[in-house]
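Q: Dumping the structure here so I can ask a few things about it.
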Amino acid sequence: MKLEILNDYEALSARAAELVAGIVRAKPDAVLCLASGHTPIGLFKQLAALSKAGQIDLGHCKFIGLDEWVGIPPEEAGSCCYFLDVNLFKPLDIAADQCFFFNGMAKDLEDECRQMDAAIARLGGLDLMVVGIGMNGHIALNEPGTLWNLYSQVSDLDATTVQVGQKYFTKKTQLAKGLTLGLRHLREARLPLLLAAGEGKARIVKQALQGNPSEALPASIFQTLEQGVILLDRAAAAELK
Ligand code: PGA
């Protein structure tokens, strides 16, 4: 893995955008998985600016949803789908047929996972998988204890995720399960990219990057990913030795 520490969130977002732009310029029909969550918002804004300036064309890319809350309809504020729609797809004029999402309302959740895996395989695999790190060390909705060799799966959310996840909703929302790409997708992605910013992430970043890699801490998988890149701002890197 390669670790880069940027001065601040702005610089981290610009560097992430540069990496995404490099991939898309080399492969205009790249298959991109971009996380929802607060960390990549700066990246999304930078991509929108590059697109507006004519410096990047995402019109031929495919976009894969990283994860979704089970029981939350895609059009509801708070769903990962809605979040990406508002913060990325609408500002960038990405068409619906470029996007593949988990449906959190699917009757057969296992089938939903197999369909996502099949879609990714059909598209030739992920060129980029951008993820954040949860306060409990999760990657997407792969919670502590998740096996590293799984593709998409239905996950049981842990207490931290249920509590932190409330930030996406305007009222208290019952969350118990998630649909998520698996850590095997991360291992097979051409560029697995982890972004972490802010002092709140410093402790878990240190555990993930300098503790023993273990399935108990999903983000520690990055220590084993040769092609992986980690971008931290100074605040998130503050506890690293
Ligand atoms: P955040 O979420 O970017 O909003 O901090 C990260 C995560 O939970 O994976």
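Starting from 1 in every chain, residues are counted up; chains themselves are A, B, ... following the order of the structure tokens, and ligands are numbered from 1 as listed.
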Chain A near ligand 1 within 9 Å: what's each residue's closest atom pair and its distance in Å to one decimal, counting only C-alpha atoms and all ligand atoms, ordered by chain then ascending residue number, as CSV?

A:
```
residue,atom,partner,partner_atom_place_in_ligand_line,distance
A:Ala35,CA,ligand 1,9 (O),7.8
A:Ser36,CA,ligand 1,3 (O),7.1
A:Gly37,CA,ligand 1,4 (O),3.7
A:His38,CA,ligand 1,4 (O),3.7
A:Thr39,CA,ligand 1,3 (O),3.7
A:Pro40,CA,ligand 1,3 (O),6.4
A:Ile41,CA,ligand 1,3 (O),8.3
A:Val131,CA,ligand 1,9 (O),6.6
A:Gly132,CA,ligand 1,9 (O),4.3
A:Ile133,CA,ligand 1,9 (O),4.2
A:Gly134,CA,ligand 1,8 (O),3.6
A:Met135,CA,ligand 1,8 (O),6.6
A:Asn136,CA,ligand 1,8 (O),8.3
A:Gly137,CA,ligand 1,9 (O),7.9
A:His138,CA,ligand 1,9 (O),6.2
A:Ile139,CA,ligand 1,9 (O),5.5
A:Ala140,CA,ligand 1,9 (O),5.2
A:Leu141,CA,ligand 1,9 (O),7.3
A:Thr161,CA,ligand 1,8 (O),7.1
A:Val164,CA,ligand 1,8 (O),7.6
A:Gly165,CA,ligand 1,8 (O),7.6
A:Lys167,CA,ligand 1,4 (O),8.4
A:Tyr168,CA,ligand 1,4 (O),8.7
A:Leu195,CA,ligand 1,3 (O),8.0
A:Ala196,CA,ligand 1,3 (O),7.3
A:Ala197,CA,ligand 1,5 (O),7.9
A:Gly198,CA,ligand 1,5 (O),8.9
A:Gly200,CA,ligand 1,5 (O),8.8
A:Lys201,CA,ligand 1,5 (O),7.9
```

Q: Using the selection just defined, write its residues with N, CA and C atoms as a PDB file, in the first residue's frame.

A:
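Saved the output as selection_25.pdb:
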```pdb
ATOM      1  N   ALA A  35     -17.691   5.870  -2.742  1.00  0.00           N
ATOM      2  CA  ALA A  35     -18.445   5.750  -1.491  1.00  0.00           C
ATOM      3  C   ALA A  35     -19.375   6.942  -1.299  1.00  0.00           C
ATOM      4  N   SER A  36     -20.483   6.704  -0.604  1.00  0.00           N
ATOM      5  CA  SER A  36     -21.225   7.842  -0.063  1.00  0.00           C
ATOM      6  C   SER A  36     -20.590   8.138   1.299  1.00  0.00           C
ATOM      7  N   GLY A  37     -21.124   9.062   2.045  1.00  0.00           N
ATOM      8  CA  GLY A  37     -20.489   9.450   3.314  1.00  0.00           C
ATOM      9  C   GLY A  37     -19.919  10.845   3.192  1.00  0.00           C
ATOM     10  N   HIS A  38     -19.522  11.430   4.315  1.00  0.00           N
ATOM     11  CA  HIS A  38     -19.096  12.828   4.301  1.00  0.00           C
ATOM     12  C   HIS A  38     -17.684  13.015   3.753  1.00  0.00           C
ATOM     13  N   THR A  39     -16.835  12.005   3.916  1.00  0.00           N
ATOM     14  CA  THR A  39     -15.432  12.172   3.500  1.00  0.00           C
ATOM     15  C   THR A  39     -15.280  12.480   2.003  1.00  0.00           C
ATOM     16  N   PRO A  40     -15.989  11.785   1.099  1.00  0.00           N
ATOM     17  CA  PRO A  40     -15.731  12.036  -0.328  1.00  0.00           C
ATOM     18  C   PRO A  40     -16.434  13.254  -0.915  1.00  0.00           C
ATOM     19  N   ILE A  41     -17.146  14.027  -0.106  1.00  0.00           N
ATOM     20  CA  ILE A  41     -17.874  15.185  -0.658  1.00  0.00           C
ATOM     21  C   ILE A  41     -16.917  16.162  -1.357  1.00  0.00           C
ATOM     22  N   VAL A 131     -13.215   4.197  -0.797  1.00  0.00           N
ATOM     23  CA  VAL A 131     -13.917   3.913   0.460  1.00  0.00           C
ATOM     24  C   VAL A 131     -13.452   4.876   1.551  1.00  0.00           C
ATOM     25  N   GLY A 132     -14.313   5.028   2.558  1.00  0.00           N
ATOM     26  CA  GLY A 132     -13.918   5.745   3.767  1.00  0.00           C
ATOM     27  C   GLY A 132     -13.656   4.707   4.855  1.00  0.00           C
ATOM     28  N   ILE A 133     -13.394   5.185   6.048  1.00  0.00           N
ATOM     29  CA  ILE A 133     -13.230   4.260   7.177  1.00  0.00           C
ATOM     30  C   ILE A 133     -14.227   4.681   8.259  1.00  0.00           C
ATOM     31  N   GLY A 134     -14.978   3.699   8.766  1.00  0.00           N
ATOM     32  CA  GLY A 134     -15.954   4.002   9.815  1.00  0.00           C
ATOM     33  C   GLY A 134     -15.259   4.164  11.162  1.00  0.00           C
ATOM     34  N   MET A 135     -15.964   4.713  12.119  1.00  0.00           N
ATOM     35  CA  MET A 135     -15.394   4.908  13.455  1.00  0.00           C
ATOM     36  C   MET A 135     -15.060   3.567  14.113  1.00  0.00           C
ATOM     37  N   ASN A 136     -15.686   2.495  13.620  1.00  0.00           N
ATOM     38  CA  ASN A 136     -15.374   1.148  14.135  1.00  0.00           C
ATOM     39  C   ASN A 136     -14.411   0.400  13.201  1.00  0.00           C
ATOM     40  N   GLY A 137     -13.878   1.104  12.213  1.00  0.00           N
ATOM     41  CA  GLY A 137     -12.939   0.477  11.289  1.00  0.00           C
ATOM     42  C   GLY A 137     -13.605  -0.207  10.114  1.00  0.00           C
ATOM     43  N   HIS A 138     -14.923  -0.061   9.987  1.00  0.00           N
ATOM     44  CA  HIS A 138     -15.573  -0.748   8.854  1.00  0.00           C
ATOM     45  C   HIS A 138     -15.170  -0.119   7.518  1.00  0.00           C
ATOM     46  N   ILE A 139     -15.335  -0.914   6.474  1.00  0.00           N
ATOM     47  CA  ILE A 139     -15.137  -0.467   5.089  1.00  0.00           C
ATOM     48  C   ILE A 139     -16.457  -0.736   4.398  1.00  0.00           C
ATOM     49  N   ALA A 140     -17.060   0.318   3.831  1.00  0.00           N
ATOM     50  CA  ALA A 140     -18.431   0.214   3.342  1.00  0.00           C
ATOM     51  C   ALA A 140     -19.265  -0.320   4.510  1.00  0.00           C
ATOM     52  N   LEU A 141     -20.098  -1.344   4.310  1.00  0.00           N
ATOM     53  CA  LEU A 141     -20.822  -1.886   5.471  1.00  0.00           C
ATOM     54  C   LEU A 141     -20.275  -3.259   5.843  1.00  0.00           C
ATOM     55  N   THR A 161     -22.188   1.641  13.860  1.00  0.00           N
ATOM     56  CA  THR A 161     -22.696   2.021  12.536  1.00  0.00           C
ATOM     57  C   THR A 161     -24.149   2.491  12.620  1.00  0.00           C
ATOM     58  N   VAL A 164     -23.870   6.043  14.249  1.00  0.00           N
ATOM     59  CA  VAL A 164     -23.244   7.051  13.378  1.00  0.00           C
ATOM     60  C   VAL A 164     -24.094   7.257  12.118  1.00  0.00           C
ATOM     61  N   GLY A 165     -24.742   6.191  11.638  1.00  0.00           N
ATOM     62  CA  GLY A 165     -25.545   6.260  10.419  1.00  0.00           C
ATOM     63  C   GLY A 165     -26.731   7.219  10.532  1.00  0.00           C
ATOM     64  N   LYS A 167     -26.692  10.159  11.125  1.00  0.00           N
ATOM     65  CA  LYS A 167     -26.352  11.495  10.613  1.00  0.00           C
ATOM     66  C   LYS A 167     -26.896  11.736   9.201  1.00  0.00           C
ATOM     67  N   TYR A 168     -27.245  10.657   8.494  1.00  0.00           N
ATOM     68  CA  TYR A 168     -27.752  10.825   7.134  1.00  0.00           C
ATOM     69  C   TYR A 168     -29.265  11.065   7.093  1.00  0.00           C
ATOM     70  N   LEU A 195      -9.892   7.029   1.838  1.00  0.00           N
ATOM     71  CA  LEU A 195      -9.792   8.436   2.225  1.00  0.00           C
ATOM     72  C   LEU A 195     -10.186   8.574   3.690  1.00  0.00           C
ATOM     73  N   ALA A 196      -9.393   9.323   4.466  1.00  0.00           N
ATOM     74  CA  ALA A 196      -9.796   9.615   5.847  1.00  0.00           C
ATOM     75  C   ALA A 196      -9.341  11.019   6.206  1.00  0.00           C
ATOM     76  N   ALA A 197     -10.245  11.767   6.806  1.00  0.00           N
ATOM     77  CA  ALA A 197      -9.949  13.161   7.152  1.00  0.00           C
ATOM     78  C   ALA A 197     -10.492  13.487   8.536  1.00  0.00           C
ATOM     79  N   GLY A 198      -9.794  14.357   9.214  1.00  0.00           N
ATOM     80  CA  GLY A 198     -10.289  14.882  10.490  1.00  0.00           C
ATOM     81  C   GLY A 198      -9.749  14.129  11.693  1.00  0.00           C
ATOM     82  N   GLY A 200     -11.177  13.115  14.302  1.00  0.00           N
ATOM     83  CA  GLY A 200     -12.036  12.046  14.807  1.00  0.00           C
ATOM     84  C   GLY A 200     -11.620  10.671  14.291  1.00  0.00           C
ATOM     85  N   LYS A 201     -10.931  10.638  13.156  1.00  0.00           N
ATOM     86  CA  LYS A 201     -10.539   9.355  12.555  1.00  0.00           C
ATOM     87  C   LYS A 201      -9.129   8.934  12.969  1.00  0.00           C
TER      88      LYS A 201
END
```

Q: Assign secondary structure with DSSP using the backbone only, and return the residues of segment 75-218 of chain A in helix (DSSP H, G or I) as a count of residues only.

A: 56

Q: Per residue of segment 104-181 of chain A within 12 Å of segment 7-25 of chain A, record the nearest atom pair and its distance in Å to one decimal, counting only C-alpha atoms, with rows in chain order and ascending residue number, as JSON lines.

A:
```
{"residue": "A:Leu126", "atom": "CA", "partner": "A:Ile23", "partner_atom": "CA", "distance": 11.3}
{"residue": "A:Asp127", "atom": "CA", "partner": "A:Ile23", "partner_atom": "CA", "distance": 7.7}
{"residue": "A:Leu128", "atom": "CA", "partner": "A:Val20", "partner_atom": "CA", "distance": 7.8}
{"residue": "A:Met129", "atom": "CA", "partner": "A:Val20", "partner_atom": "CA", "distance": 10.0}
{"residue": "A:Val130", "atom": "CA", "partner": "A:Ala16", "partner_atom": "CA", "distance": 9.1}
{"residue": "A:Val131", "atom": "CA", "partner": "A:Ala16", "partner_atom": "CA", "distance": 11.3}
```

Q: Using N, CA and C atoms, can you write the selected residues to a file as a PDB file, in the first residue's frame?

A:
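out08.pdb, freshly written:
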```pdb
ATOM      1  N   LEU A 126     -13.797  -3.756 -11.172  1.00  0.00           N
ATOM      2  CA  LEU A 126     -13.741  -2.350 -10.738  1.00  0.00           C
ATOM      3  C   LEU A 126     -12.374  -1.746 -11.044  1.00  0.00           C
ATOM      4  N   ASP A 127     -12.381  -0.618 -11.727  1.00  0.00           N
ATOM      5  CA  ASP A 127     -11.119   0.096 -11.944  1.00  0.00           C
ATOM      6  C   ASP A 127     -10.740   0.896 -10.711  1.00  0.00           C
ATOM      7  N   LEU A 128     -11.743   1.299  -9.956  1.00  0.00           N
ATOM      8  CA  LEU A 128     -11.508   2.141  -8.784  1.00  0.00           C
ATOM      9  C   LEU A 128     -12.553   1.832  -7.733  1.00  0.00           C
ATOM     10  N   MET A 129     -12.116   1.715  -6.495  1.00  0.00           N
ATOM     11  CA  MET A 129     -13.073   1.547  -5.395  1.00  0.00           C
ATOM     12  C   MET A 129     -12.647   2.517  -4.298  1.00  0.00           C
ATOM     13  N   VAL A 130     -13.387   3.603  -4.183  1.00  0.00           N
ATOM     14  CA  VAL A 130     -13.088   4.628  -3.169  1.00  0.00           C
ATOM     15  C   VAL A 130     -13.892   4.318  -1.919  1.00  0.00           C
ATOM     16  N   VAL A 131     -13.215   4.197  -0.797  1.00  0.00           N
ATOM     17  CA  VAL A 131     -13.917   3.913   0.460  1.00  0.00           C
ATOM     18  C   VAL A 131     -13.452   4.876   1.551  1.00  0.00           C
TER      19      VAL A 131
END
```

Q: With distances taken over only C-alpha atoms, which of A:Val86, A:Leu43, A:Leu217, A:Val205 is nearest to Ala236 of chain A?

A: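 Closest candidate: A:Val205.
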
Q: May I ask which of the residues A:Ile221, A:Val70, A:Gly54, A:Lys171 is the closest one to Asp156 of chain A, counting only C-alpha atoms?

A: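 Between A:Ile221, A:Val70, A:Gly54, A:Lys171, the residue approaching Asp156 of chain A most closely is A:Val70.
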
Q: If I take atom CA of Ile56 of chain A and atom CA of Leu194 of chain A, how far is one from the other in Å, to one decimal?

A: 21.6 Å

Q: Looking at only C-alpha atoms, which of A:Val162, A:Ala26, A:Ile120, A:Ile5 is the one that sits closest to Phe101 of chain A?

A: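 When distances to Phe101 of chain A are compared using only C-alpha atoms, the smallest one comes from A:Ile120.
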
Q: In terms of the shortest atom-to-atom distance over only C-alpha atoms, which of A:Ser152, A:Gln115, A:Gln98, A:Gln174 is closest to Phe63 of chain A?

A: A:Gln98

Q: What is the distance between atom CA of Val31 of chain A and atom CA of Lys62 of chain A, in Å to one decimal?

A: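 Distance between the two atoms: 4.8 Å.
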
Q: Taking the backbone alone, and naming residues the way the document does, which bits of segment 80-183 of chain A are strand (DSSP E or B) by DSSP, as a list in words?

A: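 Answer for segment 80-183 of chain A restricted to strand (DSSP E or B) is Cys99, Phe100, Leu128, Met129, Val130, Val131, Ile139, Asn142, Gln153, Val154, Ser155, Asp156, Lys177, Gly178, Leu179 and Thr180 of chain A.
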